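K.L.:
Quick one, run.pdb (PDB, C-alpha atoms):
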```
ATOM      1  CA  MET A  28       1.912  31.396  79.809  1.00  0.00           C
ATOM      2  CA  THR A  29      -0.142  33.428  77.364  1.00  0.00           C
ATOM      3  CA  ARG A  30      -3.740  32.378  76.901  1.00  0.00           C
ATOM      4  CA  GLU A  31      -6.521  33.345  74.595  1.00  0.00           C
ATOM      5  CA  PRO A  32      -8.316  36.069  76.570  1.00  0.00           C
ATOM      6  CA  ASN A  33     -11.758  35.215  75.174  1.00  0.00           C
ATOM      7  CA  ILE A  34     -13.911  32.623  76.873  1.00  0.00           C
ATOM      8  CA  GLY A  35     -17.112  32.394  74.883  1.00  0.00           C
ATOM      9  CA  ASN A  36     -18.527  35.928  74.859  1.00  0.00           C
ATOM     10  CA  GLN A  37     -16.438  37.006  77.849  1.00  0.00           C
ATOM     11  CA  THR A  38     -12.887  38.357  78.004  1.00  0.00           C
ATOM     12  CA  THR A  39     -10.403  38.196  80.860  1.00  0.00           C
ATOM     13  CA  PHE A  40      -6.661  38.624  81.154  1.00  0.00           C
ATOM     14  CA  PHE A  41      -3.971  39.474  83.692  1.00  0.00           C
ATOM     15  CA  GLU A  42      -2.082  42.773  83.518  1.00  0.00           C
ATOM     16  CA  ALA A  43       1.129  42.823  85.547  1.00  0.00           C
ATOM     17  CA  PRO A  44       1.693  43.646  88.259  1.00  0.00           C
ATOM     18  CA  ASP A  45      -1.730  43.178  89.866  1.00  0.00           C
ATOM     19  CA  ILE A  46      -4.776  43.802  87.655  1.00  0.00           C
ATOM     20  CA  ILE A  47      -7.263  41.208  86.482  1.00  0.00           C
ATOM     21  CA  PHE A  48      -9.271  42.682  83.622  1.00  0.00           C
ATOM     22  CA  LEU A  49     -12.728  41.320  82.901  1.00  0.00           C
ATOM     23  CA  LYS A  50     -15.252  42.292  80.227  1.00  0.00           C
ATOM     24  CA  LEU A  51     -18.663  40.703  80.573  1.00  0.00           C
ATOM     25  CA  LYS A  52     -21.024  40.664  77.577  1.00  0.00           C
ATOM     26  CA  GLY A  53     -24.612  39.488  77.529  1.00  0.00           C
ATOM     27  CA  ALA A  54     -25.272  36.475  79.737  1.00  0.00           C
ATOM     28  CA  CYS A  55     -22.323  34.904  81.554  1.00  0.00           C
ATOM     29  CA  VAL A  56     -23.171  31.201  81.720  1.00  0.00           C
ATOM     30  CA  TRP A  57     -21.521  28.401  83.730  1.00  0.00           C
ATOM     31  CA  GLU A  58     -19.265  27.190  80.905  1.00  0.00           C
ATOM     32  CA  GLU A  59     -17.750  30.669  80.637  1.00  0.00           C
ATOM     33  CA  GLY A  60     -17.906  31.718  84.275  1.00  0.00           C
ATOM     34  CA  SER A  61     -16.306  28.599  85.725  1.00  0.00           C
ATOM     35  CA  GLU A  62     -13.283  28.999  83.415  1.00  0.00           C
ATOM     36  CA  ILE A  63     -13.067  32.726  84.171  1.00  0.00           C
ATOM     37  CA  ASN A  64     -13.087  32.039  87.911  1.00  0.00           C
ATOM     38  CA  ARG A  65     -10.534  29.230  87.562  1.00  0.00           C
ATOM     39  CA  ARG A  66      -8.165  31.600  85.761  1.00  0.00           C
ATOM     40  CA  HIS A  67      -8.715  34.329  88.344  1.00  0.00           C
ATOM     41  CA  ARG A  68      -7.821  31.928  91.180  1.00  0.00           C
ATOM     42  CA  GLU A  69      -4.748  30.781  89.263  1.00  0.00           C
ATOM     43  CA  TRP A  70      -3.555  34.332  88.531  1.00  0.00           C
ATOM     44  CA  GLY A  71      -4.206  35.575  92.059  1.00  0.00           C
ATOM     45  CA  LYS A  72      -2.724  32.695  94.044  1.00  0.00           C
ATOM     46  CA  ASP A  73       0.889  33.945  94.112  1.00  0.00           C
ATOM     47  CA  LEU A  74       0.213  37.684  94.281  1.00  0.00           C
ATOM     48  CA  ASP A  75       0.356  39.943  97.328  1.00  0.00           C
ATOM     49  CA  ARG A  76      -2.624  41.870  96.036  1.00  0.00           C
ATOM     50  CA  VAL A  77      -4.986  41.983  93.104  1.00  0.00           C
ATOM     51  CA  PHE A  78      -7.415  44.528  91.689  1.00  0.00           C
ATOM     52  CA  PHE A  79     -10.339  43.684  89.451  1.00  0.00           C
ATOM     53  CA  LEU A  80     -10.967  46.078  86.558  1.00  0.00           C
ATOM     54  CA  ILE A  81     -14.348  45.193  85.062  1.00  0.00           C
ATOM     55  CA  ASP A  82     -16.024  46.505  81.929  1.00  0.00           C
ATOM     56  CA  LEU A  83     -19.728  46.142  82.676  1.00  0.00           C
ATOM     57  CA  SER A  84     -21.061  48.092  79.709  1.00  0.00           C
ATOM     58  CA  GLU A  85     -22.602  45.060  77.977  1.00  0.00           C
ATOM     59  CA  LEU A  86     -23.441  42.750  80.890  1.00  0.00           C
ATOM     60  CA  ASP A  87     -26.976  41.402  80.885  1.00  0.00           C
ATOM     61  CA  ARG A  88     -26.845  38.701  83.571  1.00  0.00           C
ATOM     62  CA  ILE A  89     -24.623  36.247  85.425  1.00  0.00           C
ATOM     63  CA  ASP A  90     -26.000  32.768  86.128  1.00  0.00           C
ATOM     64  CA  PRO A  91     -26.521  32.121  89.879  1.00  0.00           C
ATOM     65  CA  GLU A  92     -23.929  29.313  90.020  1.00  0.00           C
ATOM     66  CA  VAL A  93     -21.380  31.592  88.378  1.00  0.00           C
ATOM     67  CA  ARG A  94     -22.134  34.300  90.966  1.00  0.00           C
ATOM     68  CA  LYS A  95     -21.580  31.784  93.797  1.00  0.00           C
ATOM     69  CA  ASP A  96     -18.309  30.623  92.247  1.00  0.00           C
ATOM     70  CA  ALA A  97     -17.226  34.256  91.736  1.00  0.00           C
ATOM     71  CA  THR A  98     -17.878  34.957  95.417  1.00  0.00           C
ATOM     72  CA  ARG A  99     -15.667  31.990  96.394  1.00  0.00           C
ATOM     73  CA  THR A 100     -12.996  33.162  93.965  1.00  0.00           C
ATOM     74  CA  LEU A 101     -12.965  36.703  95.351  1.00  0.00           C
ATOM     75  CA  ALA A 102     -12.615  35.276  98.862  1.00  0.00           C
ATOM     76  CA  GLU A 103      -9.595  33.190  97.786  1.00  0.00           C
ATOM     77  CA  VAL A 104      -7.546  35.846  95.986  1.00  0.00           C
ATOM     78  CA  PRO A 105      -5.776  38.736  97.754  1.00  0.00           C
ATOM     79  CA  LEU A 106      -8.406  41.220  96.584  1.00  0.00           C
ATOM     80  CA  ARG A 107      -7.633  44.859  97.441  1.00  0.00           C
ATOM     81  CA  GLY A 108     -10.165  46.626  95.255  1.00  0.00           C
ATOM     82  CA  MET A 109     -12.717  46.125  92.548  1.00  0.00           C
ATOM     83  CA  VAL A 110     -13.830  48.779  90.079  1.00  0.00           C
ATOM     84  CA  GLY A 111     -16.452  48.505  87.398  1.00  0.00           C
ATOM     85  CA  PHE A 112     -16.779  51.013  84.601  1.00  0.00           C
ATOM     86  CA  SER A 113     -19.412  51.982  82.047  1.00  0.00           C
ATOM     87  CA  ALA A 114     -21.971  50.096  84.127  1.00  0.00           C
ATOM     88  CA  PRO A 115     -25.691  50.510  83.576  1.00  0.00           C
ATOM     89  CA  ILE A 116     -27.809  50.201  86.724  1.00  0.00           C
ATOM     90  CA  LYS A 117     -28.585  46.500  86.142  1.00  0.00           C
ATOM     91  CA  ALA A 118     -24.874  45.643  85.950  1.00  0.00           C
ATOM     92  CA  LYS A 119     -24.187  47.621  89.145  1.00  0.00           C
ATOM     93  CA  VAL A 120     -26.879  45.642  90.953  1.00  0.00           C
ATOM     94  CA  ILE A 121     -25.358  42.330  89.790  1.00  0.00           C
ATOM     95  CA  ALA A 122     -21.862  43.407  90.912  1.00  0.00           C
ATOM     96  CA  LYS A 123     -23.205  44.550  94.286  1.00  0.00           C
ATOM     97  CA  LEU A 124     -24.970  41.189  94.750  1.00  0.00           C
ATOM     98  CA  ILE A 125     -21.668  39.352  94.349  1.00  0.00           C
ATOM     99  CA  PHE A 126     -19.887  41.822  96.604  1.00  0.00           C
ATOM    100  CA  THR A 127     -22.589  41.549  99.279  1.00  0.00           C
ATOM    101  CA  ALA A 128     -22.232  37.759  99.250  1.00  0.00           C
ATOM    102  CA  LEU A 129     -18.470  38.202  99.610  1.00  0.00           C
ATOM    103  CA  ASN A 130     -19.059  40.418 102.632  1.00  0.00           C
ATOM    104  CA  LEU A 131     -21.488  37.972 104.230  1.00  0.00           C
ATOM    105  CA  PHE A 132     -19.406  34.848 103.740  1.00  0.00           C
ATOM    106  CA  SER A 133     -15.803  36.018 104.014  1.00  0.00           C
ATOM    107  CA  LYS A 134     -15.715  39.207 106.089  1.00  0.00           C
ATOM    108  CA  LYS A 135     -13.448  40.540 103.361  1.00  0.00           C
ATOM    109  CA  ALA A 136     -15.577  43.140 101.591  1.00  0.00           C
ATOM    110  CA  ASP A 137     -15.594  45.454 104.609  1.00  0.00           C
ATOM    111  CA  ARG A 138     -11.877  45.963 103.926  1.00  0.00           C
ATOM    112  CA  VAL A 139     -12.102  45.864 100.136  1.00  0.00           C
ATOM    113  CA  PRO A 140     -13.774  48.725  98.322  1.00  0.00           C
ATOM    114  CA  LEU A 141     -16.093  48.331  95.365  1.00  0.00           C
ATOM    115  CA  ASN A 142     -16.234  51.370  93.109  1.00  0.00           C
ATOM    116  CA  PHE A 143     -17.914  52.349  89.858  1.00  0.00           C
ATOM    117  CA  THR A 144     -16.624  54.888  87.366  1.00  0.00           C
ATOM    118  CA  ALA A 145     -17.894  56.189  84.044  1.00  0.00           C
ATOM    119  CA  THR A 146     -14.771  55.310  82.041  1.00  0.00           C
ATOM    120  CA  GLU A 147     -11.896  52.832  81.978  1.00  0.00           C
ATOM    121  CA  GLU A 148      -9.451  55.729  82.385  1.00  0.00           C
ATOM    122  CA  GLU A 149     -11.187  56.786  85.619  1.00  0.00           C
ATOM    123  CA  ALA A 150     -11.226  53.166  86.803  1.00  0.00           C
ATOM    124  CA  ARG A 151      -7.477  52.824  86.222  1.00  0.00           C
ATOM    125  CA  ALA A 152      -6.892  56.121  88.064  1.00  0.00           C
ATOM    126  CA  TRP A 153      -8.916  54.748  90.984  1.00  0.00           C
ATOM    127  CA  ILE A 154      -6.726  51.611  91.077  1.00  0.00           C
ATOM    128  CA  ALA A 155      -3.561  53.751  91.002  1.00  0.00           C
ATOM    129  CA  GLU A 156      -4.869  55.809  93.937  1.00  0.00           C
ATOM    130  CA  ARG A 157      -5.850  52.653  95.835  1.00  0.00           C
ATOM    131  CA  ARG A 158      -2.311  51.283  95.331  1.00  0.00           C
ATOM    132  CA  ARG A 159      -0.868  54.513  96.768  1.00  0.00           C
ATOM    133  CA  GLU A 160      -3.193  54.268  99.790  1.00  0.00           C
ATOM    134  CA  LEU A 161      -2.212  50.657 100.441  1.00  0.00           C
ATOM    135  CA  ASP A 162       1.498  51.366  99.984  1.00  0.00           C
ATOM    136  CA  ALA A 163       1.325  54.347 102.356  1.00  0.00           C
ATOM    137  CA  ALA A 164      -0.514  52.296 104.979  1.00  0.00           C
ATOM    138  CA  ALA A 165       1.860  49.325 104.765  1.00  0.00           C
ATOM    139  CA  PRO A 166       4.557  49.390 107.419  1.00  0.00           C
ATOM    140  CA  SER A 167       8.082  49.298 106.086  1.00  0.00           C
ATOM    141  CA  ALA A 168      10.275  46.237 106.562  1.00  0.00           C
ATOM    142  CA  GLU A 169      12.343  48.196 109.100  1.00  0.00           C
ATOM    143  CA  ALA A 170       9.237  49.106 111.107  1.00  0.00           C
ATOM    144  CA  ARG A 171       8.106  45.467 111.175  1.00  0.00           C
ATOM    145  CA  ALA A 172      11.576  44.356 112.312  1.00  0.00           C
ATOM    146  CA  ALA A 173      11.670  47.047 114.999  1.00  0.00           C
ATOM    147  CA  ALA A 174       8.257  45.981 116.274  1.00  0.00           C
ATOM    148  CA  ALA A 175       9.447  42.371 116.430  1.00  0.00           C
ATOM    149  CA  ASN A 176      12.569  43.329 118.433  1.00  0.00           C
ATOM    150  CA  PRO A 177      11.925  46.445 120.532  1.00  0.00           C
ATOM    151  CA  PRO A 178      15.133  48.272 121.542  1.00  0.00           C
ATOM    152  CA  ASP A 179      14.244  48.183 125.260  1.00  0.00           C
ATOM    153  CA  GLN A 180      14.494  44.385 125.152  1.00  0.00           C
ATOM    154  CA  PRO A 181      18.112  43.755 124.168  1.00  0.00           C
ATOM    155  CA  ASN A 182      17.879  40.006 124.717  1.00  0.00           C
ATOM    156  CA  ALA A 183      14.576  39.590 122.934  1.00  0.00           C
ATOM    157  CA  LYS A 184      14.197  36.362 121.057  1.00  0.00           C
ATOM    158  CA  ARG A 185      13.882  36.653 117.317  1.00  0.00           C
ATOM    159  CA  PRO A 186      11.674  34.410 115.269  1.00  0.00           C
ATOM    160  CA  GLY A 187      13.425  31.063 115.129  1.00  0.00           C
ATOM    161  CA  GLY A 188      14.622  31.311 118.739  1.00  0.00           C
ATOM    162  CA  GLU A 189      17.820  33.332 118.119  1.00  0.00           C
ATOM    163  CA  GLU A 190      18.732  36.059 120.534  1.00  0.00           C
ATOM    164  CA  ALA A 191      19.174  39.551 119.197  1.00  0.00           C
ATOM    165  CA  SER A 192      22.849  40.557 119.154  1.00  0.00           C
ATOM    166  CA  HIS A 193      22.378  44.325 118.679  1.00  0.00           C
ATOM    167  CA  GLY A 194      25.874  44.502 117.231  1.00  0.00           C
ATOM    168  CA  ARG A 195      27.602  43.008 120.251  1.00  0.00           C
TER
END
```
Spell out the structure here as structure tokens.
P.N.:
Amino acid sequence: MTREPNIGNQTTFFEAPDIIFLKLKGACVWEEGSEINRRHREWGKDLDRVFFLIDLSELDRIDPEVRKDATRTLAEVPLRGMVGFSAPIKAKVIAKLIFTALNLFSKKADRVPLNFTATEEEARAWIAERRRELDAAAPSAEARAAAANPPDQPNAKRPGGEEASHGR
């Protein structure tokens, strides 16, 4: 379902396969932020991973209730990286506040990097590199199956209680 990407002064949209783009302008108030966060939860709920790509060039402030809701949202989605670009120092501080709250309340941020780049192109390159890192670190389906049924246990039970046949 295609939606208008603008919510008040803010803009957000989903880019397949796994990017949530967000541009924050001026003050992000509750009426905008609550809808942004609702969409982010909706878009992220069925994904294996999600990256936030955030244009912070024009951010002035985020209302405290919006920051709290954003922290809850980030804890709910399968966040694997967040990168802000074109961020002045004030915007970086605001983003770090949200990320620190995420770390304190969800134990997620220690596994999820927050990065800042000068340009959107650099931010997208960072996401591409992060994808490669995650893909390289993910065990293959064969490796997971082998770990579940080690070869030295020919009669090992498989999930569901079936015995392994090993071709016999």
K.L.:
Using the chain letters and numbering of this document, enumerate as a list in words the residues selected by the PyMOL selection byres ((chain A and resi 50) around 9).
P.N.:
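Residues picked by the PyMOL selection byres ((chain A and resi 50) around 9): Asn36, Gln37, Thr38, Thr39, Phe48, Leu49, Leu51, Lys52, Leu80, Ile81, Asp82, Leu83, Ser84, Glu85 and Leu86 of chain A.
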K.L.:
So which residues get picked by the PyMOL selection byres ((chain A and resi 161) around 12) here, written as a ChimeraX atom specification?
P.N.:
/A:75-78,106-108,138-140,154-160,162-167
K.L.:
Can you write just those residues out, C-alpha atoms, as an mmCIF file, in the frame of the given file?
P.N.:
```cif
data_model
loop_
_atom_site.group_PDB
_atom_site.id
_atom_site.type_symbol
_atom_site.label_atom_id
_atom_site.label_comp_id
_atom_site.auth_asym_id
_atom_site.auth_seq_id
_atom_site.Cartn_x
_atom_site.Cartn_y
_atom_site.Cartn_z
ATOM 1 C CA ASP A 75 0.356 39.943 97.328
ATOM 2 C CA ARG A 76 -2.624 41.870 96.036
ATOM 3 C CA VAL A 77 -4.986 41.983 93.104
ATOM 4 C CA PHE A 78 -7.415 44.528 91.689
ATOM 5 C CA LEU A 106 -8.406 41.220 96.584
ATOM 6 C CA ARG A 107 -7.633 44.859 97.441
ATOM 7 C CA GLY A 108 -10.165 46.626 95.255
ATOM 8 C CA ARG A 138 -11.877 45.963 103.926
ATOM 9 C CA VAL A 139 -12.102 45.864 100.136
ATOM 10 C CA PRO A 140 -13.774 48.725 98.322
ATOM 11 C CA ILE A 154 -6.726 51.611 91.077
ATOM 12 C CA ALA A 155 -3.561 53.751 91.002
ATOM 13 C CA GLU A 156 -4.869 55.809 93.937
ATOM 14 C CA ARG A 157 -5.850 52.653 95.835
ATOM 15 C CA ARG A 158 -2.311 51.283 95.331
ATOM 16 C CA ARG A 159 -0.868 54.513 96.768
ATOM 17 C CA GLU A 160 -3.193 54.268 99.790
ATOM 18 C CA ASP A 162 1.498 51.366 99.984
ATOM 19 C CA ALA A 163 1.325 54.347 102.356
ATOM 20 C CA ALA A 164 -0.514 52.296 104.979
ATOM 21 C CA ALA A 165 1.860 49.325 104.765
ATOM 22 C CA PRO A 166 4.557 49.390 107.419
ATOM 23 C CA SER A 167 8.082 49.298 106.086
#
```
K.L.:
As a check of understanding, name the residues that the PyMOL selection byres ((chain A and resi 111) around 8) selects in the supplied structure, as number ranges by chain.
P.N.:
A: 80-83, 109-110, 112-114, 119, 141-144, 150
K.L.:
Box along x, y and z, 8 Å on every side, all listed atoms of segment 106-124 of chain A inside: centre and edge lengths in Å to one decimal, as lines of an AutoDock Vina configuration file.
P.N.:
```
center_x = -18.1
center_y = 46.6
center_z = 89.7
size_x = 37.0
size_y = 26.8
size_z = 31.4
```
K.L.:
What's the 12 Å shell around Glu62 of chain A, counting all atoms listed in the file, without same-chain residues fewer than 3 positions away, as a list in words?
P.N.:
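Counting all atoms listed in the file, the residues come to Glu31, Pro32, Asn33, Ile34, Gly35, Gln37, Thr38, Thr39, Phe40, Cys55, Val56, Trp57, Glu58, Glu59, Arg65, Arg66, His67, Arg68, Glu69, Val93, Asp96, Ala97 and Thr100 of chain A.
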K.L.:
Could you check how far atom CA of Trp70 of chain A sits from atom CA of Ala122 of chain A, in Å to one decimal?
P.N.:
20.6 Å
K.L.:
Measure the distance from atom CA of Ala128 of chain A to atom CA of Asp45 of chain A in Å and round it to one decimal.
P.N.:
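So the two atoms, atom CA of Ala128 of chain A and atom CA of Asp45 of chain A, lie 23.2 Å apart.
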K.L.:
Which residue gives the smallest distance to Ile63 of chain A among A:Pro44, A:Ala118, A:Arg94, A:Leu124, with all atoms listed in the file counted?
P.N.:
A:Arg94
